[in-house]
>>> print(open('run-v5.txt').read())   # compact mmCIF, C-alpha atoms and all ligand atoms
# COMPACT_ATOMS: atom_id res chain seq x y z
CA MET X 30 -8.09 13.88 12.01
CA THR X 31 -8.47 11.38 9.19
CA ALA X 32 -6.46 12.26 6.12
CA LEU X 33 -7.43 9.40 3.80
CA ALA X 34 -10.44 7.11 4.19
CA VAL X 35 -10.96 4.43 1.55
CA ASP X 36 -13.98 2.16 1.51
CA GLY X 37 -14.88 -0.75 -0.76
CA LEU X 38 -12.05 -0.47 -3.28
CA SER X 39 -11.89 -3.32 -5.82
CA VAL X 40 -9.83 -4.00 -8.96
CA HIS X 41 -10.48 -6.64 -11.60
CA TYR X 42 -8.37 -7.26 -14.69
CA GLY X 43 -10.79 -9.17 -16.90
CA GLY X 44 -11.51 -12.26 -14.86
CA VAL X 45 -8.61 -11.71 -12.42
CA ARG X 46 -9.65 -10.30 -9.06
CA ALA X 47 -6.59 -8.33 -8.00
CA ALA X 48 -8.10 -6.49 -5.03
CA HIS X 49 -11.47 -6.93 -3.39
CA ASP X 50 -13.37 -4.63 -1.04
CA ILE X 51 -10.30 -2.96 0.46
CA GLY X 52 -10.90 -0.37 3.16
CA PHE X 53 -8.55 1.55 5.43
CA THR X 54 -7.81 4.95 6.88
CA VAL X 55 -4.66 7.00 7.27
CA ALA X 56 -4.85 9.73 9.90
CA ALA X 57 -3.21 13.10 9.29
CA GLY X 58 0.51 12.68 9.88
CA GLN X 59 0.19 8.91 10.36
CA SER X 60 2.20 6.25 8.57
CA VAL X 61 0.33 3.12 7.47
CA GLY X 62 1.71 0.07 5.68
CA ILE X 63 0.29 -2.52 3.31
CA ILE X 64 2.39 -5.66 3.26
CA GLY X 65 1.91 -8.88 1.35
CA ALA X 66 3.60 -11.34 -0.95
CA ASN X 67 4.22 -10.88 -4.65
CA GLY X 68 0.85 -10.74 -6.41
CA ALA X 69 -1.21 -10.12 -3.25
CA GLY X 70 -2.78 -7.01 -4.80
CA LYS X 71 -0.81 -4.21 -3.15
CA THR X 72 0.24 -2.39 -6.31
CA SER X 73 -3.24 -2.73 -7.78
CA THR X 74 -4.68 -1.14 -4.64
CA LEU X 75 -2.39 1.89 -4.91
CA LYS X 76 -2.87 2.21 -8.66
CA ALA X 77 -6.63 2.03 -8.18
CA LEU X 78 -6.45 4.80 -5.60
CA MET X 79 -4.58 6.92 -8.14
CA GLY X 80 -7.11 6.02 -10.84
CA LEU X 81 -4.48 4.28 -12.96
CA VAL X 82 -6.40 1.01 -13.33
CA PRO X 83 -10.15 0.42 -13.70
CA ARG X 84 -11.70 0.25 -10.25
CA THR X 85 -14.93 0.20 -8.33
CA VAL X 86 -15.05 2.00 -5.00
CA ARG X 87 -17.71 3.03 -2.50
CA SER X 88 -15.86 6.11 -1.31
CA ILE X 89 -12.51 7.85 -1.12
CA ARG X 90 -12.29 10.80 1.24
CA PHE X 91 -9.24 12.97 1.80
CA GLY X 92 -9.65 15.43 4.64
CA GLU X 93 -12.78 17.40 3.86
CA HIS X 94 -12.77 16.37 0.19
CA ASP X 95 -14.78 13.59 -1.45
CA LEU X 96 -12.41 12.19 -4.07
CA THR X 97 -14.57 9.22 -5.07
CA ARG X 98 -15.16 10.65 -8.52
CA VAL X 99 -12.00 12.71 -8.89
CA PRO X 100 -9.76 11.36 -11.69
CA GLY X 101 -6.41 10.07 -10.49
CA ARG X 102 -4.39 12.67 -12.38
CA LYS X 103 -6.04 15.35 -10.25
CA MET X 104 -5.25 13.69 -6.90
CA VAL X 105 -1.99 15.61 -6.64
CA ARG X 106 -3.94 18.88 -6.52
CA TYR X 107 -5.44 17.76 -3.23
CA GLY X 108 -2.04 17.07 -1.67
CA ILE X 109 -1.48 13.40 -2.48
CA GLY X 110 1.97 12.48 -3.79
CA TYR X 111 2.65 9.15 -5.51
CA VAL X 112 5.96 7.31 -5.87
CA PRO X 113 5.25 4.44 -8.30
CA GLU X 114 6.81 1.01 -8.26
CA GLY X 115 9.92 1.06 -10.45
CA ARG X 116 10.43 4.82 -9.88
CA HIS X 117 9.56 5.94 -13.44
CA VAL X 118 11.95 8.88 -13.50
CA PHE X 119 12.55 10.47 -16.90
CA PRO X 120 15.95 8.97 -17.79
CA GLY X 121 16.74 11.41 -20.62
CA LEU X 122 16.17 14.52 -18.50
CA PRO X 123 18.53 16.02 -15.92
CA VAL X 124 17.87 15.36 -12.24
CA GLU X 125 16.75 18.93 -11.57
CA LYS X 126 14.34 18.92 -14.49
CA ASN X 127 12.81 15.69 -13.14
CA LEU X 128 12.32 17.41 -9.79
CA LEU X 129 10.81 20.54 -11.30
CA LEU X 130 8.32 18.43 -13.25
CA GLY X 131 7.07 17.21 -9.86
CA ALA X 132 6.11 20.80 -9.05
CA TYR X 133 4.16 21.21 -12.28
CA ILE X 134 0.92 20.81 -10.37
CA LYS X 135 1.33 22.38 -6.99
CA PRO X 136 -1.61 22.54 -4.64
CA TRP X 137 -0.04 25.12 -2.33
CA LYS X 138 1.21 28.55 -3.08
CA GLY X 139 4.76 28.21 -1.64
CA SER X 140 7.88 28.84 -3.71
CA THR X 141 9.06 26.03 -5.97
CA LEU X 142 12.69 27.00 -5.36
CA ASP X 143 12.24 26.75 -1.59
CA THR X 144 10.78 23.28 -2.04
CA LEU X 145 13.68 22.37 -4.32
CA ASP X 146 16.08 23.51 -1.58
CA GLU X 147 14.25 21.33 0.94
CA VAL X 148 14.54 18.32 -1.36
CA TYR X 149 18.26 19.01 -1.87
CA THR X 150 18.73 19.29 1.90
CA LEU X 151 17.04 15.92 2.33
CA PHE X 152 19.02 14.34 -0.54
CA PRO X 153 22.37 16.14 -0.94
CA VAL X 154 23.40 13.59 -3.57
CA LEU X 155 20.63 14.90 -5.86
CA LYS X 156 22.03 18.41 -5.54
CA ASP X 157 25.51 17.18 -6.41
CA MET X 158 24.10 15.39 -9.47
CA ARG X 159 21.48 17.93 -10.44
CA HIS X 160 22.84 18.39 -13.98
CA ARG X 161 23.32 14.66 -14.64
CA LEU X 162 20.75 12.71 -16.63
CA ALA X 163 18.42 10.77 -14.34
CA GLY X 164 19.13 7.61 -16.35
CA ALA X 165 22.77 7.79 -15.22
CA LEU X 166 21.86 7.55 -11.53
CA SER X 167 22.10 4.32 -9.54
CA GLY X 168 18.91 2.52 -8.51
CA GLY X 169 19.09 4.00 -5.02
CA GLN X 170 19.64 7.52 -6.34
CA GLN X 171 16.72 7.10 -8.74
CA GLN X 172 14.53 6.07 -5.79
CA MET X 173 15.61 9.22 -3.93
CA LEU X 174 14.78 11.20 -7.09
CA ALA X 175 11.33 9.61 -7.34
CA ILE X 176 10.64 10.49 -3.69
CA GLY X 177 12.05 14.00 -4.21
CA ARG X 178 9.89 14.51 -7.28
CA ALA X 179 6.77 13.55 -5.31
CA LEU X 180 7.80 15.95 -2.53
CA MET X 181 8.01 18.82 -5.03
CA SER X 182 4.21 19.05 -5.07
CA ALA X 183 4.28 19.64 -1.28
CA PRO X 184 1.95 16.72 -0.48
CA ARG X 185 0.25 16.06 2.86
CA LEU X 186 0.10 12.33 2.11
CA MET X 187 2.60 10.31 0.13
CA LEU X 188 1.83 6.91 -1.40
CA LEU X 189 4.93 4.79 -1.97
CA ASP X 190 4.99 1.53 -3.91
CA GLU X 191 7.90 -0.78 -3.00
CA PRO X 192 10.58 1.88 -2.51
CA SER X 193 13.03 -0.80 -1.32
CA MET X 194 12.78 -2.87 -4.50
CA GLY X 195 16.20 -3.83 -5.85
CA LEU X 196 18.12 -1.78 -3.28
CA SER X 197 21.03 -2.94 -1.12
CA PRO X 198 20.43 -3.32 2.65
CA LYS X 199 22.37 -0.09 3.26
CA LEU X 200 20.19 1.86 0.83
CA VAL X 201 17.06 0.33 2.33
CA GLU X 202 18.24 1.73 5.69
CA ASP X 203 18.66 5.14 4.06
CA ILE X 204 15.09 4.96 2.73
CA VAL X 205 13.81 3.99 6.19
CA ALA X 206 15.59 7.02 7.70
CA VAL X 207 14.17 9.36 5.04
CA LEU X 208 10.61 8.09 5.47
CA GLN X 209 10.86 8.33 9.26
CA LYS X 210 12.09 11.91 8.98
CA LEU X 211 9.35 12.93 6.54
CA ASN X 212 6.75 11.36 8.81
CA ARG X 213 8.21 13.08 11.91
CA ASP X 214 7.94 16.35 10.00
CA GLY X 215 4.20 15.76 9.55
CA LEU X 216 3.83 13.98 6.20
CA ALA X 217 1.29 11.13 6.25
CA ILE X 218 2.57 8.00 4.50
CA LEU X 219 0.92 4.99 2.90
CA LEU X 220 3.67 2.49 2.23
CA VAL X 221 3.20 -0.62 0.10
CA GLU X 222 6.00 -3.15 0.55
CA GLN X 223 6.99 -6.79 0.32
CA ASN X 224 9.67 -5.91 2.88
CA ALA X 225 7.70 -6.29 6.13
CA LYS X 226 10.70 -5.48 8.34
CA LEU X 227 11.16 -2.09 6.70
CA THR X 228 7.42 -1.42 6.84
CA PHE X 229 7.22 -2.13 10.56
CA GLU X 230 10.09 0.33 11.15
CA VAL X 231 8.32 3.13 9.31
CA THR X 232 4.62 2.64 10.15
CA THR X 233 2.37 2.50 13.21
CA GLU X 234 -0.41 0.43 11.61
CA CYS X 235 -0.49 -2.14 8.84
CA LEU X 236 -2.76 -4.18 6.64
CA VAL X 237 -1.67 -7.60 5.43
CA MET X 238 -2.98 -8.41 1.96
CA GLU X 239 -3.39 -11.98 0.72
CA ASN X 240 -5.03 -13.02 -2.54
CA GLY X 241 -6.45 -9.58 -3.21
CA ALA X 242 -8.08 -9.12 0.19
CA VAL X 243 -7.15 -7.71 3.59
CA ALA X 244 -6.19 -10.76 5.65
CA MET X 245 -5.05 -9.03 8.85
CA THR X 246 -4.84 -5.55 10.31
CA GLY X 247 -3.25 -4.24 13.47
CA THR X 248 -0.62 -2.01 14.91
CA SER X 249 2.81 -2.61 13.42
CA ALA X 250 4.06 -3.48 16.92
CA GLN X 251 1.38 -6.20 17.28
CA LEU X 252 1.87 -7.59 13.79
CA ARG X 253 5.64 -7.87 14.08
CA GLU X 254 5.11 -10.18 17.10
CA ASP X 255 2.35 -12.23 15.43
CA PRO X 256 3.57 -15.83 14.93
CA ARG X 257 2.08 -16.11 11.44
CA VAL X 258 3.47 -12.78 10.30
CA ARG X 259 6.87 -13.66 11.76
CA GLN X 260 6.92 -16.92 9.87
CA ILE X 261 5.51 -15.84 6.51
CA TYR X 262 6.58 -12.21 6.19
CA LEU X 263 9.64 -11.90 8.38
CA GLY X 264 11.10 -15.35 7.68
CA LEU X 265 11.72 -15.95 11.39
P1 LIG Y 1 4.06 -7.09 -6.37
O1 LIG Y 1 4.64 -7.09 -5.01
O2 LIG Y 1 4.69 -8.07 -7.30
O3 LIG Y 1 3.93 -5.73 -6.97
P2 LIG Y 1 1.31 -6.95 -5.68
O4 LIG Y 1 0.92 -7.40 -4.33
O5 LIG Y 1 1.52 -5.51 -5.83
O6 LIG Y 1 2.58 -7.70 -6.17
P3 LIG Y 1 -0.42 -6.77 -7.93
O7 LIG Y 1 0.67 -6.32 -8.82
O8 LIG Y 1 -1.42 -5.78 -7.48
O9 LIG Y 1 0.19 -7.48 -6.64
O10 LIG Y 1 -1.15 -8.00 -8.63
C1 LIG Y 1 -2.32 -8.62 -8.08
C2 LIG Y 1 -2.84 -9.66 -9.06
O11 LIG Y 1 -3.30 -9.00 -10.25
C3 LIG Y 1 -1.80 -10.66 -9.53
O12 LIG Y 1 -2.42 -11.91 -9.66
C4 LIG Y 1 -1.35 -10.14 -10.84
O13 LIG Y 1 -0.89 -11.17 -11.67
C5 LIG Y 1 -2.62 -9.52 -11.38
N1 LIG Y 1 -2.36 -8.38 -12.28
C6 LIG Y 1 -1.65 -7.27 -11.98
N2 LIG Y 1 -1.64 -6.39 -13.01
C7 LIG Y 1 -2.36 -6.98 -14.00
C8 LIG Y 1 -2.74 -6.59 -15.33
N3 LIG Y 1 -2.38 -5.40 -15.84
N4 LIG Y 1 -3.49 -7.46 -16.06
C9 LIG Y 1 -3.87 -8.64 -15.54
N5 LIG Y 1 -3.57 -9.07 -14.30
C10 LIG Y 1 -2.82 -8.26 -13.54
>>> encode(input="run-v5.txt", output="structure tokens", more="lines below")
Ligand code: ATP
Amino acid sequence: MTALAVDGLSVHYGGVRAAHDIGFTVAAGQSVGIIGANGAGKTSTLKALMGLVPRTVRSIRFGEHDLTRVPGRKMVRYGIGYVPEGRHVFPGLPVEKNLLLGAYIKPWKGSTLDTLDEVYTLFPVLKDMRHRLAGALSGGQQQMLAIGRALMSAPRLMLLDEPSMGLSPKLVEDIVAVLQKLNRDGLAILLVEQNAKLTFEVTTECLVMENGAVAMTGTSAQLREDPRVRQIYLGL
């Protein structure tokens, strides 16, 4: 079953065409990647999906819902979680308060405390630091917190923008393991990354964006063997 189906999504900032006529689908429980160089239009595509930048779009469907005209701030109600580039945790609030804010809009009835327990099981370090201010966490811990906060709304699909940014190779491996586990447990993922290697480890299909447009699509297994992708995006 298709979870997310996007058709004809475009973003312009004044005269700058950041993304043009982007279309893709993410099946329920699938993990899809969008890779591309700095400035290719990946972040704009995600932000446009979440209604955070002015956009034009032919249609956005999520399961049985037509979200084409639903404002971005309401997307979470339908089961879409968003982990923005740069994490955007609330630095002056404790870790646990940051997490609870993620459950402020909860599409499902389940217990917030059960979900908090699940997040703490996934990220024990957040439990250990639950009374610390989020601003005191390391970059990697803040990324875990941003993912945990998005999980607090019990999403069926999670959009992640460059979760590996600024993290050490070891922490990037931790993020890969977390995303693989979440996906195995049934969460659909749309992952935007400059790090193609990470993306191929987490996803089954990918789009390659260049100059605001989709330049290539394919299975992650095919793309990781593609000579052009190997040269430009994997540095091989
Ligand atoms: P990165 O990996 O650096 O996040 P990206 O692939 O996500 O890059 P975008 O951030 O979507 O790319 O940027 C696409 C294009 O839109 C770039 O040319 C960028 O300079 C431009 N752009 C992005 N945000 C704005 C803005 N607020 N105003 C004007 N131009 C912008």
>>> closest_residue(input="run-v5.txt", among="X:Met79, X:Tyr133, X:Met194, X:Arg106", to="ligand LIG 1 (chain Y)", atoms="all atoms listed in the file")
X:Met194
>>> residues_around(input="run-v5.txt", residues="Glu202 (chain X)", least_positions_apart="5", cutoff="12 Å", atoms="all atoms listed in the file", output="list of chain:residue names")
X:Gly169, X:Pro192, X:Ser193, X:Leu196, X:Ser197, X:Val207, X:Leu208, X:Gln209, X:Asn224, X:Lys226, X:Leu227, X:Thr228, X:Glu230, X:Val231
>>> write_last_selection(input="run-v5.txt", atoms="C-alpha atoms", output="mmCIF file, in the frame of the given file")
data_model
loop_
_atom_site.group_PDB
_atom_site.id
_atom_site.type_symbol
_atom_site.label_atom_id
_atom_site.label_comp_id
_atom_site.auth_asym_id
_atom_site.auth_seq_id
_atom_site.Cartn_x
_atom_site.Cartn_y
_atom_site.Cartn_z
ATOM 1 C CA GLY X 169 19.090 4.000 -5.020
ATOM 2 C CA PRO X 192 10.580 1.880 -2.510
ATOM 3 C CA SER X 193 13.030 -0.800 -1.320
ATOM 4 C CA LEU X 196 18.120 -1.780 -3.280
ATOM 5 C CA SER X 197 21.030 -2.940 -1.120
ATOM 6 C CA VAL X 207 14.170 9.360 5.040
ATOM 7 C CA LEU X 208 10.610 8.090 5.470
ATOM 8 C CA GLN X 209 10.860 8.330 9.260
ATOM 9 C CA ASN X 224 9.670 -5.910 2.880
ATOM 10 C CA LYS X 226 10.700 -5.480 8.340
ATOM 11 C CA LEU X 227 11.160 -2.090 6.700
ATOM 12 C CA THR X 228 7.420 -1.420 6.840
ATOM 13 C CA GLU X 230 10.090 0.330 11.150
ATOM 14 C CA VAL X 231 8.320 3.130 9.310
#
>>> residues_near_ligand(input="run-v5.txt", ligand="ligand LIG 1 (chain Y)", cutoff="7 Å", atoms="all atoms listed in the file", output="list in words")
Tyr42, Val45, Arg46, Ala47, Ala48, Gly65, Ala66, Asn67, Gly68, Ala69, Gly70, Lys71, Thr72, Ser73, Thr74, Glu222, Gln223 and Gly241 of chain X
>>> closest_residue(input="run-v5.txt", among="X:Val118, X:Leu216, X:Ala183, X:Leu130", to="Gly168 (chain X)", atoms="only C-alpha atoms")
X:Val118
>>> atom_distance(input="run-v5.txt", atom1="CA of Leu33 (chain X)", atom2="CA of Phe152 (chain X)")
27.3 Å
>>> closest_residue(input="run-v5.txt", among="X:Leu145, X:Val82, X:Val35, X:Ile64", to="Leu96 (chain X)", atoms="all atoms listed in the file")
X:Val35
>>> residues_near_point(input="run-v5.txt", point="(3.1, -10.5, 9.1)", cutoff="12 Å", atoms="all atoms listed in the file", output="count of residues only")
42
>>> atom_distance(input="run-v5.txt", atom1="CA of Val221 (chain X)", atom2="CA of Ala179 (chain X)")
15.6 Å
>>> residues_around(input="run-v5.txt", residues="Ser167 (chain X)", least_positions_apart="2", cutoff="12 Å", atoms="all atoms listed in the file", output="ChimeraX atom specification")
/X:116,118,120,154-155,158,161-165,169-174,195-197,200
>>> write_last_selection(input="run-v5.txt", atoms="C-alpha atoms", output="mmCIF file, in the coordinates of the input")
data_model
loop_
_atom_site.group_PDB
_atom_site.id
_atom_site.type_symbol
_atom_site.label_atom_id
_atom_site.label_comp_id
_atom_site.auth_asym_id
_atom_site.auth_seq_id
_atom_site.Cartn_x
_atom_site.Cartn_y
_atom_site.Cartn_z
ATOM 1 C CA ARG X 116 10.430 4.820 -9.880
ATOM 2 C CA VAL X 118 11.950 8.880 -13.500
ATOM 3 C CA PRO X 120 15.950 8.970 -17.790
ATOM 4 C CA VAL X 154 23.400 13.590 -3.570
ATOM 5 C CA LEU X 155 20.630 14.900 -5.860
ATOM 6 C CA MET X 158 24.100 15.390 -9.470
ATOM 7 C CA ARG X 161 23.320 14.660 -14.640
ATOM 8 C CA LEU X 162 20.750 12.710 -16.630
ATOM 9 C CA ALA X 163 18.420 10.770 -14.340
ATOM 10 C CA GLY X 164 19.130 7.610 -16.350
ATOM 11 C CA ALA X 165 22.770 7.790 -15.220
ATOM 12 C CA GLY X 169 19.090 4.000 -5.020
ATOM 13 C CA GLN X 170 19.640 7.520 -6.340
ATOM 14 C CA GLN X 171 16.720 7.100 -8.740
ATOM 15 C CA GLN X 172 14.530 6.070 -5.790
ATOM 16 C CA MET X 173 15.610 9.220 -3.930
ATOM 17 C CA LEU X 174 14.780 11.200 -7.090
ATOM 18 C CA GLY X 195 16.200 -3.830 -5.850
ATOM 19 C CA LEU X 196 18.120 -1.780 -3.280
ATOM 20 C CA SER X 197 21.030 -2.940 -1.120
ATOM 21 C CA LEU X 200 20.190 1.860 0.830
#
